[in-house]
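> This is the structure I want to talk about, given as structure tokens.
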Number of protein chains: 2
Amino acid sequence: MKMTKFEIEPIGIVHSCFSEKFGIPRQPGLVHSSVAELELLPPWNRQELVAGLSEFTHIWVHFVFHKTIEAGWRESIRPPGLGGKKRVGVFASRSPHRPNHMGMSVVRLRGIRASKGKVFLQLSGIDLLDGTPVVDIKPYVAYSDSIPEASSSYAGSFFPVRVRLRGDVLSFCEKYQDESGRDLAELIREVLAQDPRPVSQRGKRDVFGVLLWQVNVRFRVVLEEGEEIFEVFSCVNL
Amino acid sequence: MKMTKFEIEPIGIVHSCFSEKFGIPRQPGLVHSSVAELELLPPWNRQELVAGLSEFTHIWVHFVFHKTIEAGWRESIRPPGLGGKKRVGVFASRSPHRPNHMGMSVVRLRGIRASKGKVFLQLSGIDLLDGTPVVDIKPYVAYSDSIPEASSSYAGSFFPVRVRLRGDVLSFCEKYQDESGRDLAELIREVLAQDPRPVSQRGKRDVFGVLLWQVNVRFRVVLEEGEEIFEVFSCVNL
């Protein structure tokens, strides 16, 4: 049996603090200080279409992993939760490298803002790349979507890494917050605490860079009393 | 800003007890005895692609509301939870009449069956129409997806209706179960208890029919001591 293909069209686009793939949390809801605005695109940029949505604290965002389409899909994946060694089938993972490059994230809905004919949903706890095309928005319905007793196998182990911001970095963050209203220091702490390094790069004492908004955040792994610490030593607004 | 369209392709098809739209629960997980098999379509009909999935008790099924595409989308919806009177925007609802006709359901994964080069995921607690094209499968990850404290506004109120199966209907169901292994009586009870009638038809003492598998189940609304009861008076295997 062969079925017809379907065409889907973006109804919105994400403007997010995550300017590149590196540093994006592996699931939504992990980095509370991450924020984004979801801009509704014409002809869907009308408040009537989201009327009633603000009565929900959380929404589902359906999107396209647009940056992995060209790379195609993979039959099997090594989930970070399994230490990057064991393989599972692509449909047993949430990897972006899937046959249809579709993703879904449940995020907090902070508010809805309308300005100059545009409509923006204000989101937090996101794991969405800047520029992501959104194809659907649905309310989170707890009585149906929330299954606390669901067994999730290997997914879910998470041991935060200690993060230290150098004095001049803290000064940069304070100034940045004064100018933009964004709590960059907290965002850096939460993003790095989850260890954004690929599993293959763990154990290395390298320097890494992550782009949050337009700030290039550089950190290195230092060893203190046998414990790995991420020390942020540079922030540059590009 | 205008973005490109995307093409998505079915990776599976649902074989379900719900042979028509009428009678389908308004959310998954409400009718535990509802079952379906999700058949993976070529070239995705390979067990490697779902290896590891059986470690999860629940999965997300992403599908296309293929039977509502022709009817297009609606700007606003009257959710049953609001008594069918108040309108909300389409993105504040889970209505199938959406710009991109995409749906998602979290269902129980009972098992994976391979037979004659085909691969089937055995599901229960479904709300999926027979023949539904599936575009993605993802594991349910409780630590991220389960948000019991999420406020869901009007969605969630549900008062079961009492259902009575006439004696000859019960006999039919017993015989049907002997032959097919399907607990039809329980399925009828659970499906009808949720009151499948459109809100506009409530209060009417009409006769209704619902097609479960290939069984035409007919019931009428009877009033007993001021309480509406659904009496199932006929079952015919078409």
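In the structure tokens, each chain is lettered A, B, ... as it comes, each chain's residues begin at 1, and ligands are numbered from 1 in order of appearance.
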Near Phe6 of chain B, within 8 Å and counting only C-alpha atoms, which residues show up once chain neighbours fewer than 6 positions away are dropped, as a PyMOL selection string?
chain A and resi 7-9
> Extract, using only C-alpha atoms, all DNA, RNA and protein residues at most 6 Å from His62 of chain A, discarding same-chain residues fewer than 4 positions from it, and format them as a ChimeraX atom specification.
/A:103-104,134-136
> Which of these, B:Phe56, B:Phe65, B:Phe159, B:Phe230, has the shortest distance to chain A once you count only C-alpha atoms?
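Comparing B:Phe56, B:Phe65, B:Phe159, B:Phe230 against chain A, the winner is B:Phe56.
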> Distance table requested - segment 62-176 of chain A against segment 12-31 of chain A, cut-off 7 Å, only C-alpha atoms: one row per qualifying residue with the closest atom pair and its distance in Å to one decimal, ordered by chain and rising residue number, as a Markdown table.

```
| residue | atom | partner | partner_atom | distance |
| --- | --- | --- | --- | --- |
| A:Ser105 | CA | A:Pro28 | CA | 6.0 |
| A:Val106 | CA | A:Pro28 | CA | 6.4 |
| A:Val107 | CA | A:Pro28 | CA | 6.4 |
| A:Gly125 | CA | A:Gly29 | CA | 4.4 |
| A:Ile126 | CA | A:Pro28 | CA | 5.0 |
| A:Asp127 | CA | A:Pro28 | CA | 4.9 |
| A:Leu128 | CA | A:Ser16 | CA | 6.7 |
| A:Leu129 | CA | A:Phe18 | CA | 5.2 |
| A:Asp130 | CA | A:Ser16 | CA | 4.5 |
| A:Gly131 | CA | A:Val14 | CA | 5.2 |
| A:Thr132 | CA | A:Val14 | CA | 5.2 |
| A:Pro133 | CA | A:Ile13 | CA | 4.7 |
| A:Val134 | CA | A:Gly12 | CA | 4.8 |
| A:Val135 | CA | A:Gly12 | CA | 6.8 |
```
> Name the residues of segment 54-140 of chain B that fall into strand (DSSP E) according to DSSP on the backbone, using the chain letters and numbers of this document, as a count of residues only.
39
> Give me the residues near segment 137-150 of chain A as number ranges by chain, where near means some atom within 8 Å (using only C-alpha atoms) and where sequence neighbours in that chain fewer than 5 positions away do not count.
A: 53, 56-62, 106; B: 27-30, 56-58, 91-94, 106, 140-143, 145-152, 155-156
> Once you have the residues from the selection above, write them out as a compact mmCIF listing (two decimals), in the first residue's frame, restricted to N, CA and C atoms.

```txt
# COMPACT_ATOMS: atom_id res chain seq x y z
N LEU A 53 -6.68 30.98 23.84
CA LEU A 53 -5.46 30.21 24.10
C LEU A 53 -4.78 30.64 25.40
N PHE A 56 -4.75 28.73 28.73
CA PHE A 56 -3.88 27.56 28.94
C PHE A 56 -2.49 28.02 29.36
N THR A 57 -1.89 27.32 30.31
CA THR A 57 -0.53 27.68 30.75
C THR A 57 0.53 27.11 29.80
N HIS A 58 0.19 26.03 29.11
CA HIS A 58 1.16 25.38 28.25
C HIS A 58 0.56 25.10 26.88
N ILE A 59 1.39 25.15 25.87
CA ILE A 59 0.92 24.82 24.52
C ILE A 59 1.91 23.87 23.82
N TRP A 60 1.39 23.13 22.87
CA TRP A 60 2.22 22.32 21.99
C TRP A 60 2.58 23.16 20.77
N VAL A 61 3.84 23.15 20.44
CA VAL A 61 4.29 23.78 19.20
C VAL A 61 4.78 22.66 18.28
N HIS A 62 4.17 22.56 17.12
CA HIS A 62 4.61 21.58 16.11
C HIS A 62 5.45 22.33 15.09
N VAL A 106 6.40 20.98 24.13
CA VAL A 106 5.44 21.63 25.02
C VAL A 106 6.17 22.74 25.75
N GLN B 27 -10.58 12.75 23.04
CA GLN B 27 -9.14 12.71 23.28
C GLN B 27 -8.73 11.24 23.38
N PRO B 28 -7.45 10.94 23.20
CA PRO B 28 -7.00 9.56 23.45
C PRO B 28 -6.98 9.28 24.95
N GLY B 29 -6.91 8.01 25.31
CA GLY B 29 -6.77 7.63 26.71
C GLY B 29 -8.09 7.54 27.46
N LEU B 30 -9.18 7.91 26.81
CA LEU B 30 -10.47 7.90 27.49
C LEU B 30 -11.17 6.56 27.35
N PHE B 56 9.08 1.75 26.05
CA PHE B 56 8.18 2.84 26.44
C PHE B 56 6.75 2.31 26.53
N THR B 57 6.01 2.75 27.54
CA THR B 57 4.61 2.31 27.67
C THR B 57 3.69 3.13 26.78
N HIS B 58 4.09 4.35 26.45
CA HIS B 58 3.23 5.23 25.67
C HIS B 58 4.02 5.84 24.52
N PHE B 91 -6.52 27.73 16.91
CA PHE B 91 -5.28 27.32 17.56
C PHE B 91 -5.44 27.17 19.08
N ALA B 92 -6.59 27.56 19.61
CA ALA B 92 -6.89 27.31 21.02
C ALA B 92 -7.71 26.04 21.17
N SER B 93 -7.82 25.27 20.10
CA SER B 93 -8.59 24.03 20.10
C SER B 93 -7.76 22.92 19.49
N ARG B 94 -8.28 21.70 19.62
CA ARG B 94 -7.64 20.57 18.97
C ARG B 94 -8.48 20.08 17.79
N VAL B 106 -1.47 10.65 22.18
CA VAL B 106 -0.62 9.78 22.99
C VAL B 106 -1.43 8.53 23.30
N TYR B 140 6.88 8.64 24.25
CA TYR B 140 6.39 9.58 25.27
C TYR B 140 7.42 9.65 26.37
N VAL B 141 7.93 10.84 26.62
CA VAL B 141 8.96 11.01 27.65
C VAL B 141 8.33 11.75 28.82
N ALA B 142 8.06 11.00 29.91
CA ALA B 142 7.26 11.55 31.00
C ALA B 142 7.89 12.79 31.62
N TYR B 143 9.22 12.79 31.79
CA TYR B 143 9.80 13.91 32.54
C TYR B 143 9.64 15.22 31.78
N ASP B 145 7.08 15.50 28.93
CA ASP B 145 5.72 15.64 28.39
C ASP B 145 4.63 15.74 29.45
N SER B 146 4.92 15.21 30.64
CA SER B 146 3.87 15.14 31.66
C SER B 146 3.91 16.37 32.56
N ILE B 147 2.88 17.18 32.46
CA ILE B 147 2.81 18.42 33.24
C ILE B 147 1.47 18.43 33.95
N PRO B 148 1.35 17.65 35.05
CA PRO B 148 0.04 17.50 35.69
C PRO B 148 -0.54 18.84 36.15
N GLU B 149 0.33 19.79 36.49
CA GLU B 149 -0.15 21.06 37.02
C GLU B 149 -0.56 22.05 35.93
N ALA B 150 -0.41 21.67 34.67
CA ALA B 150 -0.80 22.58 33.59
C ALA B 150 -2.28 22.91 33.69
N SER B 151 -2.58 24.17 33.54
CA SER B 151 -3.97 24.58 33.61
C SER B 151 -4.59 24.48 32.22
N SER B 152 -5.69 23.73 32.14
CA SER B 152 -6.27 23.41 30.84
C SER B 152 -7.62 24.05 30.63
N ALA B 155 -11.20 22.51 29.02
CA ALA B 155 -11.08 21.11 28.61
C ALA B 155 -10.99 20.23 29.86
N GLY B 156 -11.69 19.13 29.86
CA GLY B 156 -11.50 18.18 30.94
C GLY B 156 -12.74 17.79 31.70
```
> Name the residues in contact with segment 212-223 of chain B at a cut-off of 12 Å, using only C-alpha atoms, excluding same-chain residues fewer than 6 positions from it; report them as a count of residues only.
60
> Among segment 53-184 of chain A, which ones does DSSP assign to alpha helix (DSSP H) (computed from the backbone)? Answer as a PDB file with all heavy atoms, in the first residue's frame.

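The file below, result-v5.pdb, is the result:
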```pdb
ATOM      1  N   ALA A 142      -4.098  18.786  30.103  1.00  0.00           N
ATOM      2  CA  ALA A 142      -3.433  17.951  31.109  1.00  0.00           C
ATOM      3  C   ALA A 142      -4.133  16.598  31.300  1.00  0.00           C
ATOM      4  O   ALA A 142      -3.477  15.572  31.432  1.00  0.00           O
ATOM      5  CB  ALA A 142      -3.346  18.694  32.440  1.00  0.00           C
ATOM      6  N   TYR A 143      -5.451  16.576  31.293  1.00  0.00           N
ATOM      7  CA  TYR A 143      -6.120  15.310  31.607  1.00  0.00           C
ATOM      8  C   TYR A 143      -5.833  14.243  30.550  1.00  0.00           C
ATOM      9  O   TYR A 143      -5.956  13.054  30.819  1.00  0.00           O
ATOM     10  CB  TYR A 143      -7.623  15.507  31.836  1.00  0.00           C
ATOM     11  CG  TYR A 143      -8.492  15.465  30.600  1.00  0.00           C
ATOM     12  CD1 TYR A 143      -9.028  14.252  30.154  1.00  0.00           C
ATOM     13  CD2 TYR A 143      -8.799  16.617  29.890  1.00  0.00           C
ATOM     14  CE1 TYR A 143      -9.838  14.221  29.029  1.00  0.00           C
ATOM     15  CE2 TYR A 143      -9.599  16.582  28.774  1.00  0.00           C
ATOM     16  CZ  TYR A 143     -10.121  15.384  28.354  1.00  0.00           C
ATOM     17  OH  TYR A 143     -10.909  15.342  27.249  1.00  0.00           O
ATOM     18  N   SER A 144      -5.428  14.678  29.390  1.00  0.00           N
ATOM     19  CA  SER A 144      -5.140  13.713  28.339  1.00  0.00           C
ATOM     20  C   SER A 144      -3.635  13.578  28.077  1.00  0.00           C
ATOM     21  O   SER A 144      -3.120  12.480  27.868  1.00  0.00           O
ATOM     22  CB  SER A 144      -5.868  14.174  27.072  1.00  0.00           C
ATOM     23  OG  SER A 144      -5.386  13.534  25.934  1.00  0.00           O
ATOM     24  N   ASP A 145      -2.905  14.680  28.118  1.00  0.00           N
ATOM     25  CA  ASP A 145      -1.489  14.660  27.737  1.00  0.00           C
ATOM     26  C   ASP A 145      -0.564  14.267  28.882  1.00  0.00           C
ATOM     27  O   ASP A 145       0.569  13.832  28.633  1.00  0.00           O
ATOM     28  CB  ASP A 145      -1.053  16.047  27.246  1.00  0.00           C
ATOM     29  CG  ASP A 145      -1.773  16.466  25.970  1.00  0.00           C
ATOM     30  OD1 ASP A 145      -2.260  15.572  25.266  1.00  0.00           O
ATOM     31  OD2 ASP A 145      -1.843  17.671  25.698  1.00  0.00           O
ATOM     32  N   GLY A 167      34.284  37.005  36.705  1.00  0.00           N
ATOM     33  CA  GLY A 167      33.852  38.347  37.127  1.00  0.00           C
ATOM     34  C   GLY A 167      33.519  39.271  35.962  1.00  0.00           C
ATOM     35  O   GLY A 167      32.473  39.939  35.958  1.00  0.00           O
ATOM     36  N   ASP A 168      34.379  39.290  34.939  1.00  0.00           N
ATOM     37  CA  ASP A 168      34.115  40.195  33.816  1.00  0.00           C
ATOM     38  C   ASP A 168      32.916  39.726  32.995  1.00  0.00           C
ATOM     39  O   ASP A 168      32.207  40.529  32.382  1.00  0.00           O
ATOM     40  CB  ASP A 168      35.364  40.350  32.934  1.00  0.00           C
ATOM     41  CG  ASP A 168      35.997  39.010  32.578  1.00  0.00           C
ATOM     42  OD1 ASP A 168      35.661  37.995  33.242  1.00  0.00           O
ATOM     43  OD2 ASP A 168      36.799  38.961  31.634  1.00  0.00           O
ATOM     44  N   VAL A 169      32.663  38.420  33.004  1.00  0.00           N
ATOM     45  CA  VAL A 169      31.484  37.886  32.318  1.00  0.00           C
ATOM     46  C   VAL A 169      30.215  38.330  33.052  1.00  0.00           C
ATOM     47  O   VAL A 169      29.229  38.742  32.432  1.00  0.00           O
ATOM     48  CB  VAL A 169      31.558  36.343  32.232  1.00  0.00           C
ATOM     49  CG1 VAL A 169      30.220  35.750  31.835  1.00  0.00           C
ATOM     50  CG2 VAL A 169      32.653  35.920  31.264  1.00  0.00           C
ATOM     51  N   LEU A 170      30.272  38.261  34.390  1.00  0.00           N
ATOM     52  CA  LEU A 170      29.118  38.716  35.180  1.00  0.00           C
ATOM     53  C   LEU A 170      28.827  40.196  34.908  1.00  0.00           C
ATOM     54  O   LEU A 170      27.658  40.589  34.781  1.00  0.00           O
ATOM     55  CB  LEU A 170      29.371  38.484  36.671  1.00  0.00           C
ATOM     56  CG  LEU A 170      29.140  37.052  37.160  1.00  0.00           C
ATOM     57  CD1 LEU A 170      29.603  36.895  38.607  1.00  0.00           C
ATOM     58  CD2 LEU A 170      27.660  36.665  37.036  1.00  0.00           C
ATOM     59  N   SER A 171      29.884  40.996  34.814  1.00  0.00           N
ATOM     60  CA  SER A 171      29.696  42.426  34.520  1.00  0.00           C
ATOM     61  C   SER A 171      29.036  42.601  33.151  1.00  0.00           C
ATOM     62  O   SER A 171      28.124  43.412  32.979  1.00  0.00           O
ATOM     63  CB  SER A 171      31.044  43.162  34.519  1.00  0.00           C
ATOM     64  OG  SER A 171      31.697  42.944  35.740  1.00  0.00           O
ATOM     65  N   PHE A 172      29.533  41.820  32.165  1.00  0.00           N
ATOM     66  CA  PHE A 172      28.934  41.874  30.832  1.00  0.00           C
ATOM     67  C   PHE A 172      27.440  41.557  30.909  1.00  0.00           C
ATOM     68  O   PHE A 172      26.613  42.243  30.315  1.00  0.00           O
ATOM     69  CB  PHE A 172      29.648  40.891  29.896  1.00  0.00           C
ATOM     70  CG  PHE A 172      29.041  40.821  28.528  1.00  0.00           C
ATOM     71  CD1 PHE A 172      29.524  41.603  27.484  1.00  0.00           C
ATOM     72  CD2 PHE A 172      27.953  39.974  28.274  1.00  0.00           C
ATOM     73  CE1 PHE A 172      28.944  41.555  26.231  1.00  0.00           C
ATOM     74  CE2 PHE A 172      27.361  39.919  27.017  1.00  0.00           C
ATOM     75  CZ  PHE A 172      27.866  40.708  25.993  1.00  0.00           C
ATOM     76  N   CYS A 173      27.103  40.498  31.633  1.00  0.00           N
ATOM     77  CA  CYS A 173      25.701  40.054  31.719  1.00  0.00           C
ATOM     78  C   CYS A 173      24.823  41.127  32.367  1.00  0.00           C
ATOM     79  O   CYS A 173      23.688  41.351  31.941  1.00  0.00           O
ATOM     80  CB  CYS A 173      25.593  38.748  32.505  1.00  0.00           C
ATOM     81  SG  CYS A 173      26.266  37.329  31.626  1.00  0.00           S
ATOM     82  N   GLU A 174      25.352  41.787  33.388  1.00  0.00           N
ATOM     83  CA  GLU A 174      24.575  42.848  34.052  1.00  0.00           C
ATOM     84  C   GLU A 174      24.275  43.978  33.078  1.00  0.00           C
ATOM     85  O   GLU A 174      23.155  44.470  32.999  1.00  0.00           O
ATOM     86  CB  GLU A 174      25.345  43.401  35.258  1.00  0.00           C
ATOM     87  CG  GLU A 174      25.132  42.576  36.511  1.00  0.00           C
ATOM     88  CD  GLU A 174      25.997  43.069  37.672  1.00  0.00           C
ATOM     89  OE1 GLU A 174      26.242  44.292  37.741  1.00  0.00           O
ATOM     90  OE2 GLU A 174      26.438  42.225  38.472  1.00  0.00           O
ATOM     91  N   LYS A 175      25.302  44.375  32.354  1.00  0.00           N
ATOM     92  CA  LYS A 175      25.133  45.451  31.379  1.00  0.00           C
ATOM     93  C   LYS A 175      24.143  45.028  30.285  1.00  0.00           C
ATOM     94  O   LYS A 175      23.262  45.793  29.895  1.00  0.00           O
ATOM     95  CB  LYS A 175      26.504  45.771  30.758  1.00  0.00           C
ATOM     96  CG  LYS A 175      26.551  46.991  29.873  1.00  0.00           C
ATOM     97  CD  LYS A 175      27.974  47.565  29.805  1.00  0.00           C
ATOM     98  CE  LYS A 175      28.108  48.595  28.686  1.00  0.00           C
ATOM     99  NZ  LYS A 175      28.216  47.973  27.339  1.00  0.00           N
ATOM    100  N   TYR A 176      24.306  43.789  29.829  1.00  0.00           N
ATOM    101  CA  TYR A 176      23.418  43.262  28.779  1.00  0.00           C
ATOM    102  C   TYR A 176      21.966  43.253  29.265  1.00  0.00           C
ATOM    103  O   TYR A 176      21.045  43.594  28.527  1.00  0.00           O
ATOM    104  CB  TYR A 176      23.864  41.850  28.400  1.00  0.00           C
ATOM    105  CG  TYR A 176      23.110  41.240  27.229  1.00  0.00           C
ATOM    106  CD1 TYR A 176      23.499  41.494  25.918  1.00  0.00           C
ATOM    107  CD2 TYR A 176      22.007  40.418  27.445  1.00  0.00           C
ATOM    108  CE1 TYR A 176      22.813  40.950  24.843  1.00  0.00           C
ATOM    109  CE2 TYR A 176      21.314  39.859  26.378  1.00  0.00           C
ATOM    110  CZ  TYR A 176      21.720  40.123  25.083  1.00  0.00           C
ATOM    111  OH  TYR A 176      21.036  39.576  24.023  1.00  0.00           O
ATOM    112  N   GLN A 177      21.786  42.879  30.527  1.00  0.00           N
ATOM    113  CA  GLN A 177      20.420  42.828  31.074  1.00  0.00           C
ATOM    114  C   GLN A 177      19.819  44.232  31.179  1.00  0.00           C
ATOM    115  O   GLN A 177      18.636  44.426  30.885  1.00  0.00           O
ATOM    116  CB  GLN A 177      20.423  42.140  32.443  1.00  0.00           C
ATOM    117  CG  GLN A 177      19.010  41.993  33.036  1.00  0.00           C
ATOM    118  CD  GLN A 177      18.927  40.937  34.098  1.00  0.00           C
ATOM    119  OE1 GLN A 177      19.948  40.472  34.597  1.00  0.00           O
ATOM    120  NE2 GLN A 177      17.713  40.526  34.464  1.00  0.00           N
ATOM    121  N   ASP A 178      20.638  45.183  31.578  1.00  0.00           N
ATOM    122  CA  ASP A 178      20.156  46.566  31.657  1.00  0.00           C
ATOM    123  C   ASP A 178      19.659  47.050  30.297  1.00  0.00           C
ATOM    124  O   ASP A 178      18.648  47.744  30.202  1.00  0.00           O
ATOM    125  CB  ASP A 178      21.287  47.499  32.126  1.00  0.00           C
ATOM    126  CG  ASP A 178      21.540  47.357  33.623  1.00  0.00           C
ATOM    127  OD1 ASP A 178      20.680  46.763  34.311  1.00  0.00           O
ATOM    128  OD2 ASP A 178      22.594  47.816  34.091  1.00  0.00           O
ATOM    129  N   GLU A 179      20.364  46.667  29.261  1.00  0.00           N
ATOM    130  CA  GLU A 179      20.036  47.172  27.915  1.00  0.00           C
ATOM    131  C   GLU A 179      18.915  46.397  27.238  1.00  0.00           C
ATOM    132  O   GLU A 179      18.117  46.961  26.504  1.00  0.00           O
ATOM    133  CB  GLU A 179      21.296  47.124  27.022  1.00  0.00           C
ATOM    134  CG  GLU A 179      22.331  48.168  27.431  1.00  0.00           C
ATOM    135  CD  GLU A 179      23.688  47.914  26.803  1.00  0.00           C
ATOM    136  OE1 GLU A 179      23.808  46.979  25.981  1.00  0.00           O
ATOM    137  OE2 GLU A 179      24.648  48.634  27.157  1.00  0.00           O
ATOM    138  N   SER A 180      18.855  45.073  27.491  1.00  0.00           N
ATOM    139  CA  SER A 180      17.917  44.228  26.735  1.00  0.00           C
ATOM    140  C   SER A 180      16.766  43.684  27.584  1.00  0.00           C
ATOM    141  O   SER A 180      15.779  43.194  27.058  1.00  0.00           O
ATOM    142  CB  SER A 180      18.666  43.038  26.140  1.00  0.00           C
ATOM    143  OG  SER A 180      19.086  42.160  27.181  1.00  0.00           O
ATOM    144  N   LEU A 184      20.673  37.143  30.962  1.00  0.00           N
ATOM    145  CA  LEU A 184      21.628  36.303  30.242  1.00  0.00           C
ATOM    146  C   LEU A 184      22.406  35.375  31.177  1.00  0.00           C
ATOM    147  O   LEU A 184      22.656  34.211  30.840  1.00  0.00           O
ATOM    148  CB  LEU A 184      22.597  37.209  29.465  1.00  0.00           C
ATOM    149  CG  LEU A 184      23.656  36.508  28.622  1.00  0.00           C
ATOM    150  CD1 LEU A 184      23.021  35.705  27.498  1.00  0.00           C
ATOM    151  CD2 LEU A 184      24.651  37.531  28.048  1.00  0.00           C
TER     152      LEU A 184
END
```
> Any idea what's packed within 12 Å of Ala114 of chain B, counting only C-alpha atoms, ignoring anything in its chain fewer than 3 positions away? Could you give it as a ChimeraX atom specification?
/B:37-40,45-48,50,111,117-122
> Mind dumping the selected residues with N, CA, C and O atoms as an mmCIF file, in the first residue's frame?

```cif
data_model
loop_
_atom_site.group_PDB
_atom_site.id
_atom_site.type_symbol
_atom_site.label_atom_id
_atom_site.label_comp_id
_atom_site.auth_asym_id
_atom_site.auth_seq_id
_atom_site.Cartn_x
_atom_site.Cartn_y
_atom_site.Cartn_z
ATOM 1 N N GLU B 37 -4.109 -1.290 15.244
ATOM 2 C CA GLU B 37 -2.762 -1.648 14.845
ATOM 3 C C GLU B 37 -2.262 -0.566 13.908
ATOM 4 O O GLU B 37 -2.980 -0.126 13.006
ATOM 5 N N LEU B 38 -1.028 -0.152 14.164
ATOM 6 C CA LEU B 38 -0.394 0.839 13.295
ATOM 7 C C LEU B 38 0.572 0.068 12.410
ATOM 8 O O LEU B 38 1.563 -0.489 12.885
ATOM 9 N N GLU B 39 0.260 0.023 11.137
ATOM 10 C CA GLU B 39 1.095 -0.724 10.192
ATOM 11 C C GLU B 39 2.131 0.207 9.576
ATOM 12 O O GLU B 39 1.784 1.254 9.019
ATOM 13 N N LEU B 40 3.382 -0.152 9.701
ATOM 14 C CA LEU B 40 4.427 0.642 9.054
ATOM 15 C C LEU B 40 4.405 0.356 7.561
ATOM 16 O O LEU B 40 4.308 -0.801 7.130
ATOM 17 N N ASN B 45 8.808 -0.278 6.855
ATOM 18 C CA ASN B 45 8.267 -1.486 7.505
ATOM 19 C C ASN B 45 9.391 -2.402 7.973
ATOM 20 O O ASN B 45 9.464 -3.561 7.573
ATOM 21 N N ARG B 46 10.262 -1.852 8.802
ATOM 22 C CA ARG B 46 11.405 -2.637 9.286
ATOM 23 C C ARG B 46 11.529 -2.492 10.795
ATOM 24 O O ARG B 46 11.471 -1.391 11.331
ATOM 25 N N GLN B 47 11.727 -3.626 11.449
ATOM 26 C CA GLN B 47 11.780 -3.625 12.913
ATOM 27 C C GLN B 47 12.932 -2.781 13.460
ATOM 28 O O GLN B 47 12.834 -2.251 14.561
ATOM 29 N N GLU B 48 14.016 -2.641 12.696
ATOM 30 C CA GLU B 48 15.144 -1.832 13.180
ATOM 31 C C GLU B 48 14.717 -0.397 13.495
ATOM 32 O O GLU B 48 15.284 0.240 14.375
ATOM 33 N N VAL B 50 12.043 0.678 14.789
ATOM 34 C CA VAL B 50 11.334 0.817 16.066
ATOM 35 C C VAL B 50 12.059 0.075 17.192
ATOM 36 O O VAL B 50 11.506 -0.101 18.282
ATOM 37 N N GLY B 111 2.399 -3.657 22.186
ATOM 38 C CA GLY B 111 3.378 -4.608 21.669
ATOM 39 C C GLY B 111 3.731 -4.276 20.235
ATOM 40 O O GLY B 111 3.143 -3.382 19.627
ATOM 41 N N GLY B 117 6.799 -9.961 6.613
ATOM 42 C CA GLY B 117 7.422 -8.753 6.087
ATOM 43 C C GLY B 117 6.730 -7.472 6.502
ATOM 44 O O GLY B 117 7.116 -6.385 6.080
ATOM 45 N N LYS B 118 5.690 -7.591 7.338
ATOM 46 C CA LYS B 118 5.003 -6.387 7.809
ATOM 47 C C LYS B 118 5.311 -6.158 9.283
ATOM 48 O O LYS B 118 5.596 -7.107 10.023
ATOM 49 N N VAL B 119 5.242 -4.913 9.696
ATOM 50 C CA VAL B 119 5.470 -4.574 11.105
ATOM 51 C C VAL B 119 4.268 -3.781 11.609
ATOM 52 O O VAL B 119 3.828 -2.820 10.969
ATOM 53 N N PHE B 120 3.734 -4.224 12.751
ATOM 54 C CA PHE B 120 2.557 -3.586 13.329
ATOM 55 C C PHE B 120 2.851 -3.163 14.769
ATOM 56 O O PHE B 120 3.372 -3.967 15.555
ATOM 57 N N LEU B 121 2.487 -1.931 15.124
ATOM 58 C CA LEU B 121 2.497 -1.513 16.520
ATOM 59 C C LEU B 121 1.081 -1.710 17.066
ATOM 60 O O LEU B 121 0.120 -1.218 16.471
ATOM 61 N N GLN B 122 0.983 -2.421 18.180
ATOM 62 C CA GLN B 122 -0.333 -2.685 18.772
ATOM 63 C C GLN B 122 -0.646 -1.613 19.808
ATOM 64 O O GLN B 122 0.085 -1.456 20.787
#
```
> So which one's closest to chain B, A:His32, A:Glu227, A:Ser95, A:Ala71? Using only C-alpha atoms, please.
A:Ser95
> For a test of reading the model, state the distance in Å between atom CA of Ser115 of chain B and atom CA of Ser76 of chain A, rounded to one decimal.
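One can read the atom CA of Ser115 of chain B to atom CA of Ser76 of chain A distance as 21.6 Å.
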> Nearest residue to chain B out of A:Pro42, A:Gly89, A:Gly226, A:Gly72, using only C-alpha atoms?
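Counting only C-alpha atoms, the residue closest to chain B is A:Gly89.
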> Find the distance between atom CA of Val64 of chain B and atom CA of Gly209 of chain B and write it in Å to one decimal.
25.1 Å
> Measuring between only C-alpha atoms, which one of B:Ile77, B:Ser54, B:Met3, B:Glu70 shows the shortest distance to Arg113 of chain B?
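Nearest candidate to Arg113 of chain B out of B:Ile77, B:Ser54, B:Met3, B:Glu70: B:Ser54.
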> Can you work out the spacing between atom CA of Arg78 of chain A and atom CA of Glu228 of chain A in Å, to one decimal?
23.4 Å
